[in-house]
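Data from my_file_2.cif: mmCIF, N, CA and C atoms and all ligand atoms
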```cif
data_protein
#
loop_
_atom_site.label_atom_id
_atom_site.label_comp_id
_atom_site.auth_asym_id
_atom_site.auth_seq_id
_atom_site.Cartn_x
_atom_site.Cartn_y
_atom_site.Cartn_z
N MET Y 1399 7.78 -11.52 3.82
CA MET Y 1399 7.57 -12.97 3.83
C MET Y 1399 8.19 -13.56 5.09
N ILE Y 1400 7.40 -14.39 5.78
CA ILE Y 1400 7.93 -15.11 6.94
C ILE Y 1400 8.40 -16.48 6.44
N VAL Y 1401 9.66 -16.78 6.62
CA VAL Y 1401 10.19 -18.06 6.16
C VAL Y 1401 10.19 -19.03 7.34
N MET Y 1402 9.59 -20.21 7.11
CA MET Y 1402 9.55 -21.24 8.14
C MET Y 1402 10.80 -22.11 7.98
N LEU Y 1403 11.56 -22.26 9.04
CA LEU Y 1403 12.88 -22.86 8.88
C LEU Y 1403 13.08 -24.17 9.62
N LYS Y 1404 12.01 -24.71 10.18
CA LYS Y 1404 12.17 -25.89 11.03
C LYS Y 1404 12.91 -27.02 10.29
N GLU Y 1405 12.41 -27.35 9.10
CA GLU Y 1405 13.04 -28.45 8.34
C GLU Y 1405 14.47 -28.11 7.95
N LEU Y 1406 14.66 -26.85 7.59
CA LEU Y 1406 16.01 -26.46 7.19
C LEU Y 1406 17.01 -26.58 8.31
N PHE Y 1407 16.57 -26.31 9.52
CA PHE Y 1407 17.49 -26.45 10.64
C PHE Y 1407 17.74 -27.92 10.96
N GLU Y 1408 16.73 -28.76 10.68
CA GLU Y 1408 16.83 -30.15 11.14
C GLU Y 1408 17.39 -31.12 10.11
N LEU Y 1409 17.28 -30.78 8.83
CA LEU Y 1409 17.73 -31.71 7.80
C LEU Y 1409 18.97 -31.19 7.08
N THR Y 1410 20.07 -31.86 7.32
CA THR Y 1410 21.30 -31.52 6.61
C THR Y 1410 21.10 -31.79 5.12
N GLY Y 1411 21.54 -30.86 4.30
CA GLY Y 1411 21.38 -31.03 2.86
C GLY Y 1411 20.14 -30.39 2.30
N GLU Y 1412 19.23 -30.00 3.18
CA GLU Y 1412 17.99 -29.37 2.74
C GLU Y 1412 18.28 -27.96 2.19
N SER Y 1413 17.57 -27.61 1.11
CA SER Y 1413 17.69 -26.22 0.69
C SER Y 1413 16.39 -25.77 0.04
N ARG Y 1414 16.17 -24.49 0.05
CA ARG Y 1414 14.92 -23.96 -0.48
C ARG Y 1414 15.15 -22.62 -1.15
N GLU Y 1415 14.44 -22.44 -2.27
CA GLU Y 1415 14.52 -21.15 -2.96
C GLU Y 1415 13.53 -20.18 -2.36
N ILE Y 1416 13.92 -18.93 -2.39
CA ILE Y 1416 13.07 -17.89 -1.83
C ILE Y 1416 12.87 -16.80 -2.87
N ASN Y 1417 11.62 -16.46 -3.12
CA ASN Y 1417 11.32 -15.33 -3.99
C ASN Y 1417 10.20 -14.55 -3.35
N CYS Y 1418 10.42 -13.28 -3.13
CA CYS Y 1418 9.33 -12.48 -2.60
C CYS Y 1418 9.58 -11.01 -2.89
N ASN Y 1419 8.54 -10.23 -2.69
CA ASN Y 1419 8.65 -8.79 -2.83
C ASN Y 1419 8.40 -8.15 -1.49
N VAL Y 1420 9.17 -7.12 -1.18
CA VAL Y 1420 8.82 -6.29 -0.04
C VAL Y 1420 7.95 -5.17 -0.60
N PRO Y 1421 6.66 -5.15 -0.22
CA PRO Y 1421 5.75 -4.18 -0.83
C PRO Y 1421 6.04 -2.75 -0.40
N LEU Y 1422 5.61 -1.82 -1.24
CA LEU Y 1422 5.86 -0.40 -0.97
C LEU Y 1422 5.38 0.05 0.41
N GLU Y 1423 4.25 -0.49 0.87
CA GLU Y 1423 3.73 -0.08 2.18
C GLU Y 1423 4.77 -0.28 3.28
N GLU Y 1424 5.58 -1.34 3.13
CA GLU Y 1424 6.57 -1.60 4.17
C GLU Y 1424 7.82 -0.74 4.02
N LEU Y 1425 7.86 0.02 2.92
CA LEU Y 1425 9.05 0.84 2.67
C LEU Y 1425 8.77 2.32 2.90
N GLU Y 1426 7.50 2.62 3.17
CA GLU Y 1426 7.12 4.03 3.28
C GLU Y 1426 7.64 4.69 4.54
N GLY Y 1427 7.91 3.90 5.56
CA GLY Y 1427 8.42 4.46 6.80
C GLY Y 1427 9.87 4.93 6.72
N ILE Y 1428 10.52 4.62 5.60
CA ILE Y 1428 11.93 4.98 5.47
C ILE Y 1428 12.01 6.36 4.87
N SER Y 1429 12.22 7.36 5.73
CA SER Y 1429 12.04 8.73 5.25
C SER Y 1429 13.20 9.22 4.39
N SER Y 1430 14.39 8.64 4.59
CA SER Y 1430 15.53 9.19 3.87
C SER Y 1430 15.64 8.70 2.42
N TYR Y 1431 14.90 7.66 2.06
CA TYR Y 1431 14.96 7.16 0.69
C TYR Y 1431 13.54 6.97 0.16
N HIS Y 1432 13.38 7.21 -1.13
CA HIS Y 1432 12.07 7.05 -1.72
C HIS Y 1432 12.09 5.89 -2.73
N PHE Y 1433 11.45 4.80 -2.36
CA PHE Y 1433 11.43 3.63 -3.25
C PHE Y 1433 10.40 3.84 -4.34
N ASN Y 1434 10.80 3.45 -5.55
CA ASN Y 1434 9.98 3.61 -6.73
C ASN Y 1434 8.99 2.45 -6.91
N GLY Y 1435 9.25 1.34 -6.22
CA GLY Y 1435 8.41 0.15 -6.34
C GLY Y 1435 8.86 -0.84 -5.29
N PRO Y 1436 8.30 -2.05 -5.32
CA PRO Y 1436 8.70 -3.05 -4.32
C PRO Y 1436 10.16 -3.48 -4.48
N VAL Y 1437 10.71 -4.02 -3.42
CA VAL Y 1437 12.05 -4.61 -3.48
C VAL Y 1437 11.88 -6.08 -3.86
N GLU Y 1438 12.55 -6.50 -4.93
CA GLU Y 1438 12.48 -7.91 -5.33
C GLU Y 1438 13.59 -8.68 -4.64
N VAL Y 1439 13.20 -9.72 -3.92
CA VAL Y 1439 14.17 -10.52 -3.18
C VAL Y 1439 14.18 -11.94 -3.75
N SER Y 1440 15.36 -12.45 -4.08
CA SER Y 1440 15.43 -13.85 -4.52
C SER Y 1440 16.73 -14.46 -4.02
N GLY Y 1441 16.63 -15.71 -3.60
CA GLY Y 1441 17.83 -16.34 -3.07
C GLY Y 1441 17.55 -17.75 -2.60
N THR Y 1442 18.44 -18.27 -1.78
CA THR Y 1442 18.27 -19.62 -1.25
C THR Y 1442 18.65 -19.68 0.23
N VAL Y 1443 18.00 -20.60 0.92
CA VAL Y 1443 18.42 -20.95 2.27
C VAL Y 1443 18.86 -22.40 2.18
N SER Y 1444 20.03 -22.71 2.71
CA SER Y 1444 20.44 -24.11 2.64
C SER Y 1444 21.17 -24.54 3.90
N ASN Y 1445 21.07 -25.80 4.16
CA ASN Y 1445 21.71 -26.41 5.32
C ASN Y 1445 22.84 -27.30 4.82
N ARG Y 1446 24.06 -26.82 5.02
CA ARG Y 1446 25.22 -27.62 4.62
C ARG Y 1446 25.97 -28.00 5.88
N ALA Y 1447 26.08 -29.30 6.08
CA ALA Y 1447 26.78 -29.82 7.26
C ALA Y 1447 26.28 -29.18 8.55
N GLY Y 1448 24.97 -28.94 8.60
CA GLY Y 1448 24.39 -28.43 9.84
C GLY Y 1448 24.43 -26.92 9.98
N ILE Y 1449 25.06 -26.25 9.02
CA ILE Y 1449 25.11 -24.78 9.09
C ILE Y 1449 24.13 -24.20 8.06
N VAL Y 1450 23.22 -23.39 8.57
CA VAL Y 1450 22.17 -22.86 7.69
C VAL Y 1450 22.56 -21.47 7.20
N THR Y 1451 22.64 -21.35 5.88
CA THR Y 1451 23.06 -20.09 5.29
C THR Y 1451 21.95 -19.54 4.41
N LEU Y 1452 21.73 -18.25 4.54
CA LEU Y 1452 20.80 -17.55 3.66
C LEU Y 1452 21.63 -16.66 2.75
N SER Y 1453 21.45 -16.82 1.42
CA SER Y 1453 22.06 -15.82 0.55
C SER Y 1453 20.99 -15.35 -0.42
N TYR Y 1454 20.96 -14.06 -0.64
CA TYR Y 1454 19.91 -13.52 -1.50
C TYR Y 1454 20.35 -12.23 -2.17
N ASP Y 1455 19.65 -11.91 -3.25
CA ASP Y 1455 19.85 -10.64 -3.95
C ASP Y 1455 18.63 -9.78 -3.72
N ALA Y 1456 18.84 -8.50 -3.60
CA ALA Y 1456 17.73 -7.56 -3.48
C ALA Y 1456 17.86 -6.53 -4.60
N LYS Y 1457 16.76 -6.38 -5.35
CA LYS Y 1457 16.75 -5.46 -6.50
C LYS Y 1457 15.66 -4.43 -6.30
N PHE Y 1458 15.98 -3.17 -6.57
CA PHE Y 1458 14.98 -2.12 -6.39
C PHE Y 1458 15.44 -0.85 -7.09
N VAL Y 1459 14.51 0.08 -7.20
CA VAL Y 1459 14.81 1.38 -7.83
C VAL Y 1459 14.46 2.48 -6.83
N LEU Y 1460 15.34 3.44 -6.70
CA LEU Y 1460 15.06 4.58 -5.83
C LEU Y 1460 14.90 5.84 -6.65
N ASP Y 1461 13.98 6.70 -6.21
CA ASP Y 1461 13.89 8.06 -6.75
C ASP Y 1461 14.78 8.94 -5.90
N HIS Y 1462 15.77 9.53 -6.54
CA HIS Y 1462 16.71 10.35 -5.78
C HIS Y 1462 16.60 11.82 -6.16
N THR Y 1463 17.05 12.66 -5.25
CA THR Y 1463 17.29 14.06 -5.57
C THR Y 1463 18.76 14.30 -5.30
N CYS Y 1464 19.46 14.82 -6.30
CA CYS Y 1464 20.90 15.05 -6.15
C CYS Y 1464 21.15 16.03 -5.00
N ASP Y 1465 22.09 15.68 -4.12
CA ASP Y 1465 22.40 16.54 -2.98
C ASP Y 1465 23.02 17.87 -3.40
N ARG Y 1466 23.61 17.90 -4.59
CA ARG Y 1466 24.29 19.14 -5.00
C ARG Y 1466 23.46 20.01 -5.93
N CYS Y 1467 22.85 19.38 -6.96
CA CYS Y 1467 22.17 20.22 -7.96
C CYS Y 1467 20.65 20.07 -7.90
N LEU Y 1468 20.17 19.22 -7.00
CA LEU Y 1468 18.72 19.02 -6.78
C LEU Y 1468 17.99 18.39 -7.96
N LYS Y 1469 18.73 17.91 -8.94
CA LYS Y 1469 18.10 17.21 -10.05
C LYS Y 1469 17.48 15.90 -9.53
N GLU Y 1470 16.30 15.55 -10.08
CA GLU Y 1470 15.68 14.29 -9.69
C GLU Y 1470 16.03 13.20 -10.69
N PHE Y 1471 16.36 12.05 -10.19
CA PHE Y 1471 16.72 10.95 -11.09
C PHE Y 1471 16.44 9.62 -10.41
N GLU Y 1472 16.37 8.57 -11.24
CA GLU Y 1472 16.15 7.21 -10.73
C GLU Y 1472 17.46 6.46 -10.73
N GLN Y 1473 17.60 5.59 -9.75
CA GLN Y 1473 18.80 4.76 -9.72
C GLN Y 1473 18.39 3.34 -9.37
N GLU Y 1474 18.92 2.39 -10.18
CA GLU Y 1474 18.64 0.99 -9.91
C GLU Y 1474 19.73 0.43 -9.02
N TYR Y 1475 19.34 -0.41 -8.07
CA TYR Y 1475 20.32 -1.02 -7.18
C TYR Y 1475 20.13 -2.53 -7.18
N GLU Y 1476 21.25 -3.22 -7.05
CA GLU Y 1476 21.18 -4.67 -6.84
C GLU Y 1476 22.28 -5.05 -5.86
N TYR Y 1477 21.88 -5.59 -4.73
CA TYR Y 1477 22.84 -5.97 -3.72
C TYR Y 1477 22.72 -7.47 -3.43
N SER Y 1478 23.81 -8.06 -3.01
CA SER Y 1478 23.79 -9.46 -2.57
C SER Y 1478 24.14 -9.51 -1.10
N PHE Y 1479 23.41 -10.34 -0.36
CA PHE Y 1479 23.66 -10.47 1.07
C PHE Y 1479 23.75 -11.94 1.44
N ARG Y 1480 24.48 -12.20 2.50
CA ARG Y 1480 24.64 -13.57 2.98
C ARG Y 1480 24.66 -13.56 4.51
N HIS Y 1481 23.91 -14.45 5.10
CA HIS Y 1481 23.87 -14.53 6.56
C HIS Y 1481 23.88 -15.98 7.00
N THR Y 1482 24.43 -16.20 8.16
CA THR Y 1482 24.30 -17.50 8.80
C THR Y 1482 23.12 -17.41 9.76
N LEU Y 1483 22.21 -18.37 9.65
CA LEU Y 1483 21.02 -18.36 10.51
C LEU Y 1483 21.23 -19.31 11.67
N VAL Y 1484 20.86 -18.87 12.85
CA VAL Y 1484 20.97 -19.72 14.02
C VAL Y 1484 19.65 -19.68 14.79
N ARG Y 1485 19.42 -20.70 15.59
CA ARG Y 1485 18.15 -20.76 16.32
C ARG Y 1485 18.21 -20.03 17.64
N ASN Y 1486 19.37 -20.04 18.25
CA ASN Y 1486 19.52 -19.19 19.42
C ASN Y 1486 20.94 -18.69 19.47
N CYS Y 1487 21.07 -17.56 20.07
CA CYS Y 1487 22.34 -16.87 19.98
C CYS Y 1487 23.13 -17.10 21.24
N ASN Y 1488 24.25 -17.81 21.15
CA ASN Y 1488 25.12 -17.88 22.32
C ASN Y 1488 26.48 -17.25 22.04
N THR Y 1489 26.54 -16.47 20.98
CA THR Y 1489 27.75 -15.67 20.76
C THR Y 1489 27.32 -14.23 20.50
N ASP Y 1490 28.30 -13.34 20.50
CA ASP Y 1490 27.98 -11.95 20.21
C ASP Y 1490 28.22 -11.62 18.75
N ASN Y 1491 28.44 -12.64 17.96
CA ASN Y 1491 28.73 -12.42 16.55
C ASN Y 1491 27.49 -11.88 15.84
N ASP Y 1492 27.54 -10.64 15.39
CA ASP Y 1492 26.32 -10.11 14.80
C ASP Y 1492 26.18 -10.41 13.31
N GLU Y 1493 27.05 -11.26 12.78
CA GLU Y 1493 26.79 -11.78 11.44
C GLU Y 1493 25.70 -12.84 11.49
N TYR Y 1494 25.46 -13.36 12.68
CA TYR Y 1494 24.42 -14.36 12.82
C TYR Y 1494 23.05 -13.70 12.93
N VAL Y 1495 22.09 -14.30 12.27
CA VAL Y 1495 20.73 -13.84 12.41
C VAL Y 1495 19.99 -14.87 13.24
N VAL Y 1496 19.44 -14.45 14.35
CA VAL Y 1496 18.75 -15.37 15.24
C VAL Y 1496 17.29 -15.52 14.80
N CYS Y 1497 16.89 -16.78 14.59
CA CYS Y 1497 15.54 -17.06 14.11
C CYS Y 1497 14.76 -17.71 15.24
N GLU Y 1498 14.07 -16.89 15.99
CA GLU Y 1498 13.29 -17.44 17.10
C GLU Y 1498 12.09 -18.21 16.55
N ASP Y 1499 11.74 -19.29 17.22
CA ASP Y 1499 10.62 -20.15 16.80
C ASP Y 1499 10.79 -20.66 15.37
N ASN Y 1500 12.03 -20.81 14.91
CA ASN Y 1500 12.30 -21.34 13.57
C ASN Y 1500 11.74 -20.49 12.45
N THR Y 1501 11.54 -19.21 12.71
CA THR Y 1501 11.01 -18.36 11.64
C THR Y 1501 11.93 -17.17 11.41
N LEU Y 1502 11.87 -16.69 10.18
CA LEU Y 1502 12.68 -15.53 9.81
C LEU Y 1502 11.76 -14.54 9.09
N ASP Y 1503 11.77 -13.30 9.55
CA ASP Y 1503 11.05 -12.26 8.83
C ASP Y 1503 11.99 -11.68 7.78
N LEU Y 1504 11.87 -12.23 6.57
CA LEU Y 1504 12.82 -11.88 5.52
C LEU Y 1504 12.67 -10.41 5.09
N ASN Y 1505 11.46 -9.90 5.07
CA ASN Y 1505 11.26 -8.50 4.68
C ASN Y 1505 12.02 -7.56 5.60
N GLU Y 1506 11.86 -7.83 6.89
CA GLU Y 1506 12.52 -6.97 7.87
C GLU Y 1506 14.04 -7.02 7.72
N LEU Y 1507 14.55 -8.23 7.52
CA LEU Y 1507 15.99 -8.40 7.36
C LEU Y 1507 16.47 -7.68 6.10
N ALA Y 1508 15.72 -7.85 5.00
CA ALA Y 1508 16.12 -7.24 3.73
C ALA Y 1508 16.16 -5.72 3.85
N VAL Y 1509 15.14 -5.15 4.50
CA VAL Y 1509 15.11 -3.69 4.65
C VAL Y 1509 16.31 -3.22 5.47
N SER Y 1510 16.64 -3.94 6.53
CA SER Y 1510 17.76 -3.45 7.34
C SER Y 1510 19.09 -3.67 6.62
N ASP Y 1511 19.25 -4.75 5.87
CA ASP Y 1511 20.47 -4.95 5.06
C ASP Y 1511 20.62 -3.81 4.05
N ILE Y 1512 19.52 -3.48 3.39
CA ILE Y 1512 19.57 -2.46 2.34
C ILE Y 1512 19.94 -1.10 2.93
N LEU Y 1513 19.31 -0.76 4.06
CA LEU Y 1513 19.59 0.55 4.65
C LEU Y 1513 21.05 0.69 5.07
N LEU Y 1514 21.66 -0.43 5.48
CA LEU Y 1514 23.07 -0.37 5.87
C LEU Y 1514 23.99 -0.24 4.66
N SER Y 1515 23.48 -0.58 3.47
CA SER Y 1515 24.33 -0.59 2.28
C SER Y 1515 24.20 0.66 1.42
N LEU Y 1516 23.09 1.34 1.54
CA LEU Y 1516 22.87 2.48 0.64
C LEU Y 1516 23.82 3.63 0.95
N PRO Y 1517 24.20 4.35 -0.09
CA PRO Y 1517 25.07 5.50 0.13
C PRO Y 1517 24.34 6.59 0.91
N THR Y 1518 25.06 7.34 1.72
CA THR Y 1518 24.41 8.41 2.47
C THR Y 1518 24.43 9.71 1.67
N LYS Y 1519 25.38 9.82 0.76
CA LYS Y 1519 25.43 11.01 -0.08
C LYS Y 1519 24.96 10.63 -1.48
N ILE Y 1520 23.97 11.36 -1.98
CA ILE Y 1520 23.39 11.03 -3.28
C ILE Y 1520 23.77 12.11 -4.29
N LEU Y 1521 24.48 11.68 -5.34
CA LEU Y 1521 24.85 12.62 -6.39
C LEU Y 1521 24.37 12.08 -7.72
N CYS Y 1522 23.93 12.98 -8.62
CA CYS Y 1522 23.44 12.54 -9.93
C CYS Y 1522 24.58 11.97 -10.76
N LYS Y 1523 25.78 12.48 -10.54
CA LYS Y 1523 27.00 11.91 -11.11
C LYS Y 1523 28.14 12.31 -10.21
N GLU Y 1524 29.22 11.56 -10.27
CA GLU Y 1524 30.26 11.73 -9.28
C GLU Y 1524 30.84 13.14 -9.26
N ASP Y 1525 30.93 13.75 -10.43
CA ASP Y 1525 31.54 15.08 -10.49
C ASP Y 1525 30.50 16.18 -10.68
N CYS Y 1526 29.32 15.96 -10.14
CA CYS Y 1526 28.27 16.98 -10.24
C CYS Y 1526 28.80 18.31 -9.71
N LYS Y 1527 28.59 19.35 -10.49
CA LYS Y 1527 29.14 20.66 -10.10
C LYS Y 1527 28.19 21.44 -9.19
N GLY Y 1528 26.96 21.02 -9.12
CA GLY Y 1528 26.02 21.67 -8.21
C GLY Y 1528 25.47 22.98 -8.74
N LEU Y 1529 24.86 23.73 -7.83
CA LEU Y 1529 24.23 24.99 -8.18
C LEU Y 1529 25.09 26.14 -7.66
N CYS Y 1530 25.05 27.24 -8.39
CA CYS Y 1530 25.74 28.44 -7.89
C CYS Y 1530 25.05 28.90 -6.61
N TYR Y 1531 25.84 29.20 -5.57
CA TYR Y 1531 25.26 29.63 -4.29
C TYR Y 1531 24.60 30.99 -4.39
N VAL Y 1532 25.05 31.77 -5.38
CA VAL Y 1532 24.54 33.14 -5.49
C VAL Y 1532 23.27 33.20 -6.34
N CYS Y 1533 23.34 32.65 -7.56
CA CYS Y 1533 22.21 32.85 -8.47
C CYS Y 1533 21.44 31.56 -8.76
N GLY Y 1534 21.94 30.42 -8.30
CA GLY Y 1534 21.19 29.19 -8.48
C GLY Y 1534 21.35 28.52 -9.84
N THR Y 1535 22.21 29.05 -10.69
CA THR Y 1535 22.45 28.41 -11.99
C THR Y 1535 22.97 26.98 -11.80
N ASP Y 1536 22.43 26.05 -12.60
CA ASP Y 1536 22.94 24.68 -12.59
C ASP Y 1536 24.28 24.66 -13.33
N LEU Y 1537 25.35 24.51 -12.60
CA LEU Y 1537 26.69 24.65 -13.19
C LEU Y 1537 27.09 23.45 -14.06
N ASN Y 1538 26.25 22.41 -14.05
CA ASN Y 1538 26.48 21.32 -15.00
C ASN Y 1538 26.07 21.75 -16.40
N GLU Y 1539 25.15 22.69 -16.47
CA GLU Y 1539 24.61 23.09 -17.76
C GLU Y 1539 25.20 24.38 -18.30
N SER Y 1540 25.48 25.31 -17.42
CA SER Y 1540 26.11 26.54 -17.91
C SER Y 1540 26.90 27.20 -16.79
N ASP Y 1541 27.77 28.12 -17.17
CA ASP Y 1541 28.50 28.91 -16.18
C ASP Y 1541 27.72 30.17 -15.90
N CYS Y 1542 28.03 30.79 -14.79
CA CYS Y 1542 27.43 32.09 -14.52
C CYS Y 1542 28.55 33.04 -14.14
N GLU Y 1543 28.23 34.31 -13.97
CA GLU Y 1543 29.28 35.31 -13.71
C GLU Y 1543 30.02 35.04 -12.40
N HIS Y 1544 29.39 34.30 -11.47
CA HIS Y 1544 30.03 34.05 -10.18
C HIS Y 1544 31.02 32.89 -10.24
N ASN Y 1545 30.98 32.16 -11.33
CA ASN Y 1545 31.84 30.98 -11.43
C ASN Y 1545 32.64 30.97 -12.72
N ALA Y 1546 33.00 32.11 -13.18
CA ALA Y 1546 33.71 32.20 -14.46
C ALA Y 1546 35.12 31.66 -14.30
ZN ZN T 1601 23.73 16.75 -9.41
ZN ZN T 1602 25.92 32.49 -10.19
#
```
Could you quickly redo this structure as structure tokens?
Amino acid sequence: MIVMLKELFELTGESREINCNVPLEELEGISSYHFNGPVEVSGTVSNRAGIVTLSYDAKFVLDHTCDRCLKEFEQEYEYSFRHTLVRNCNTDNDEYVVCEDNTLDLNELAVSDILLSLPTKILCKEDCKGLCYVCGTDLNESDCEHNA
């Protein structure tokens, strides 16, 4: 979703609700994670005392494969993000999101926020015991002679 922000930048006190989905097609390029469906984005953009803030939640489900035991499982995620929006950047503060031409590509921003937040190591449970290196037994389910 492209959010038009002209009024929000110009009118103090203005605020707007945002609801959109990032469709699966836009998530397919992300090779390290497999999205189970669209990302649901909901939040608000508001102008308080001339400062425009975007805050939103992103909800989605990923299909994971455990890094240790290779079990496949689904995991639901819900993250909250907040950014200050500016029209042009005269600082190096990267908490600011620069909205050229008063527009914001919310899908693109949401995808990059999510990728920065997701764990890099995926485990089906924190103490997953993994597979035996020798015989491949799932050590969460049974022991084998190599791990007695
Ligand atoms: Zn596991
Ligand atoms: Zn074994």
**Item:** Contacts with ligand ZN 1601 (chain T) at most 6 Å, only N, CA and C atoms and all ligand atoms counted, listed as a PyMOL selection string
**Value:** chain Y and resi 1464-1469+1521-1523+1526-1528
Store the residues picked out above, limited to N, CA and C atoms, as a PDB file, in the frame of the given file.
```pdb
ATOM      1  N   CYS Y1464      19.460  14.820  -6.300  1.00  0.00           N
ATOM      2  CA  CYS Y1464      20.900  15.050  -6.150  1.00  0.00           C
ATOM      3  C   CYS Y1464      21.150  16.030  -5.000  1.00  0.00           C
ATOM      4  N   ASP Y1465      22.090  15.680  -4.120  1.00  0.00           N
ATOM      5  CA  ASP Y1465      22.400  16.540  -2.980  1.00  0.00           C
ATOM      6  C   ASP Y1465      23.020  17.870  -3.400  1.00  0.00           C
ATOM      7  N   ARG Y1466      23.610  17.900  -4.590  1.00  0.00           N
ATOM      8  CA  ARG Y1466      24.290  19.140  -5.000  1.00  0.00           C
ATOM      9  C   ARG Y1466      23.460  20.010  -5.930  1.00  0.00           C
ATOM     10  N   CYS Y1467      22.850  19.380  -6.960  1.00  0.00           N
ATOM     11  CA  CYS Y1467      22.170  20.220  -7.960  1.00  0.00           C
ATOM     12  C   CYS Y1467      20.650  20.070  -7.900  1.00  0.00           C
ATOM     13  N   LEU Y1468      20.170  19.220  -7.000  1.00  0.00           N
ATOM     14  CA  LEU Y1468      18.720  19.020  -6.780  1.00  0.00           C
ATOM     15  C   LEU Y1468      17.990  18.390  -7.960  1.00  0.00           C
ATOM     16  N   LYS Y1469      18.730  17.910  -8.940  1.00  0.00           N
ATOM     17  CA  LYS Y1469      18.100  17.210 -10.050  1.00  0.00           C
ATOM     18  C   LYS Y1469      17.480  15.900  -9.530  1.00  0.00           C
ATOM     19  N   LEU Y1521      24.480  11.680  -5.340  1.00  0.00           N
ATOM     20  CA  LEU Y1521      24.850  12.620  -6.390  1.00  0.00           C
ATOM     21  C   LEU Y1521      24.370  12.080  -7.720  1.00  0.00           C
ATOM     22  N   CYS Y1522      23.930  12.980  -8.620  1.00  0.00           N
ATOM     23  CA  CYS Y1522      23.440  12.540  -9.930  1.00  0.00           C
ATOM     24  C   CYS Y1522      24.580  11.970 -10.760  1.00  0.00           C
ATOM     25  N   LYS Y1523      25.780  12.480 -10.540  1.00  0.00           N
ATOM     26  CA  LYS Y1523      27.000  11.910 -11.110  1.00  0.00           C
ATOM     27  C   LYS Y1523      28.140  12.310 -10.210  1.00  0.00           C
ATOM     28  N   CYS Y1526      29.320  15.960 -10.140  1.00  0.00           N
ATOM     29  CA  CYS Y1526      28.270  16.980 -10.240  1.00  0.00           C
ATOM     30  C   CYS Y1526      28.800  18.310  -9.710  1.00  0.00           C
ATOM     31  N   LYS Y1527      28.590  19.350 -10.490  1.00  0.00           N
ATOM     32  CA  LYS Y1527      29.140  20.660 -10.100  1.00  0.00           C
ATOM     33  C   LYS Y1527      28.190  21.440  -9.190  1.00  0.00           C
ATOM     34  N   GLY Y1528      26.960  21.020  -9.120  1.00  0.00           N
ATOM     35  CA  GLY Y1528      26.020  21.670  -8.210  1.00  0.00           C
ATOM     36  C   GLY Y1528      25.470  22.980  -8.740  1.00  0.00           C
TER      37      GLY Y1528
END
```
**Request:** Could you give me, as a ChimeraX atom specification, each residue of stretch 1403-1539 of chain Y that DSSP assigns to alpha helix (DSSP H) when run on this structure's backbone?
**Result:** /Y:1404-1408,1504-1515
**Prompt:** Could you pull the residues within 6 Å of Y:Glu1438, counting only N, CA and C atoms, minus those fewer than 3 positions along the same chain, as a list in words?
**Reply:** Cys1418, Asn1419, Val1420, Asp1455, Ala1456, Lys1457 and Phe1458 of chain Y
Per-residue nearest contacts of chain Y to ligand ZN 1602 (chain T) (8 Å; only C-alpha atoms and all ligand atoms) as a Markdown table:
```
| residue | atom | partner | partner_atom | distance |
| --- | --- | --- | --- | --- |
| Y:Leu1529 | CA | T:ZN1602 | ZN | 7.9 |
| Y:Cys1530 | CA | T:ZN1602 | ZN | 4.7 |
| Y:Tyr1531 | CA | T:ZN1602 | ZN | 6.6 |
| Y:Val1532 | CA | T:ZN1602 | ZN | 4.9 |
| Y:Cys1533 | CA | T:ZN1602 | ZN | 4.1 |
| Y:Gly1534 | CA | T:ZN1602 | ZN | 6.0 |
| Y:Thr1535 | CA | T:ZN1602 | ZN | 5.7 |
| Y:Asp1541 | CA | T:ZN1602 | ZN | 7.4 |
| Y:Cys1542 | CA | T:ZN1602 | ZN | 4.6 |
| Y:Glu1543 | CA | T:ZN1602 | ZN | 5.6 |
| Y:His1544 | CA | T:ZN1602 | ZN | 4.4 |
| Y:Asn1545 | CA | T:ZN1602 | ZN | 6.2 |
```
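Counting from atom N of Y:Gly1411, the distance to atom C of Y:Tyr1494 is 19.3 Å.
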**Message:** Residues proximal to (17.6, 6.4, -11.5) were defined as those with any atom within 6 Å of that point in the file's coordinates, counting all atoms listed in the file. Which are they, as a list in words?
**Reply:**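 Those residues, ordered by chain and then number, are Leu1460, Phe1471, Glu1472, Gln1473 and Glu1474 of chain Y.
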**Y:Lys1404 surroundings by only C-alpha atoms, 9 Å radius, close-in-sequence under 4 positions cut, as a PyMOL selection string** = chain Y and resi 1408-1409+1499-1501
**Prompt:** Using only C-alpha atoms, which of Y:Val1484, Y:Val1439, Y:Val1450, Y:Leu1406 sits nearest Y:Leu1507?
**Reply:**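 Selected residue with least distance to Y:Leu1507: Y:Val1439.
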**Residue set, stretch 1410-1536 of chain Y restricted to strand (DSSP E), as a ChimeraX atom specification** = /Y:1413-1420,1432-1433,1437-1446,1449-1463,1470-1484,1494-1496,1501-1503
**Asked** Between Y:Val1443, Y:Ile1520, Y:Ile1416, Y:Ile1400, which is the closest to Y:Asn1505 once you count only N, CA and C atoms?
**Response**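 Of Y:Val1443, Y:Ile1520, Y:Ile1416, Y:Ile1400, the one nearest Y:Asn1505, counting only N, CA and C atoms, is Y:Ile1400.
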**Prompt:** Excluding same-chain residues fewer than 4 positions from Y:Val1496, what lies within 7 Å of it counting only N, CA and C atoms, as JSON, numbers by chain?
**Reply:** {"Y": [1482, 1483, 1484, 1485, 1486, 1487, 1501, 1502]}
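Atom C of Y:Glu1405 is found 12.7 Å from atom C of Y:Cys1497.
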Who sits within 6 Å of Y:Ser1444, only N, CA and C atoms, same chain under 6 positions skipped, as a compact mmCIF listing (two decimals) with N, CA and C atoms, keeping the file's coordinate frame:
```txt
# COMPACT_ATOMS: atom_id res chain seq x y z
N GLU Y 1412 19.23 -30.00 3.18
CA GLU Y 1412 17.99 -29.37 2.74
C GLU Y 1412 18.28 -27.96 2.19
N SER Y 1413 17.57 -27.61 1.11
CA SER Y 1413 17.69 -26.22 0.69
C SER Y 1413 16.39 -25.77 0.04
N ARG Y 1414 16.17 -24.49 0.05
CA ARG Y 1414 14.92 -23.96 -0.48
C ARG Y 1414 15.15 -22.62 -1.15
N VAL Y 1450 23.22 -23.39 8.57
CA VAL Y 1450 22.17 -22.86 7.69
C VAL Y 1450 22.56 -21.47 7.20
N THR Y 1451 22.64 -21.35 5.88
CA THR Y 1451 23.06 -20.09 5.29
C THR Y 1451 21.95 -19.54 4.41
N LEU Y 1452 21.73 -18.25 4.54
CA LEU Y 1452 20.80 -17.55 3.66
C LEU Y 1452 21.63 -16.66 2.75
```
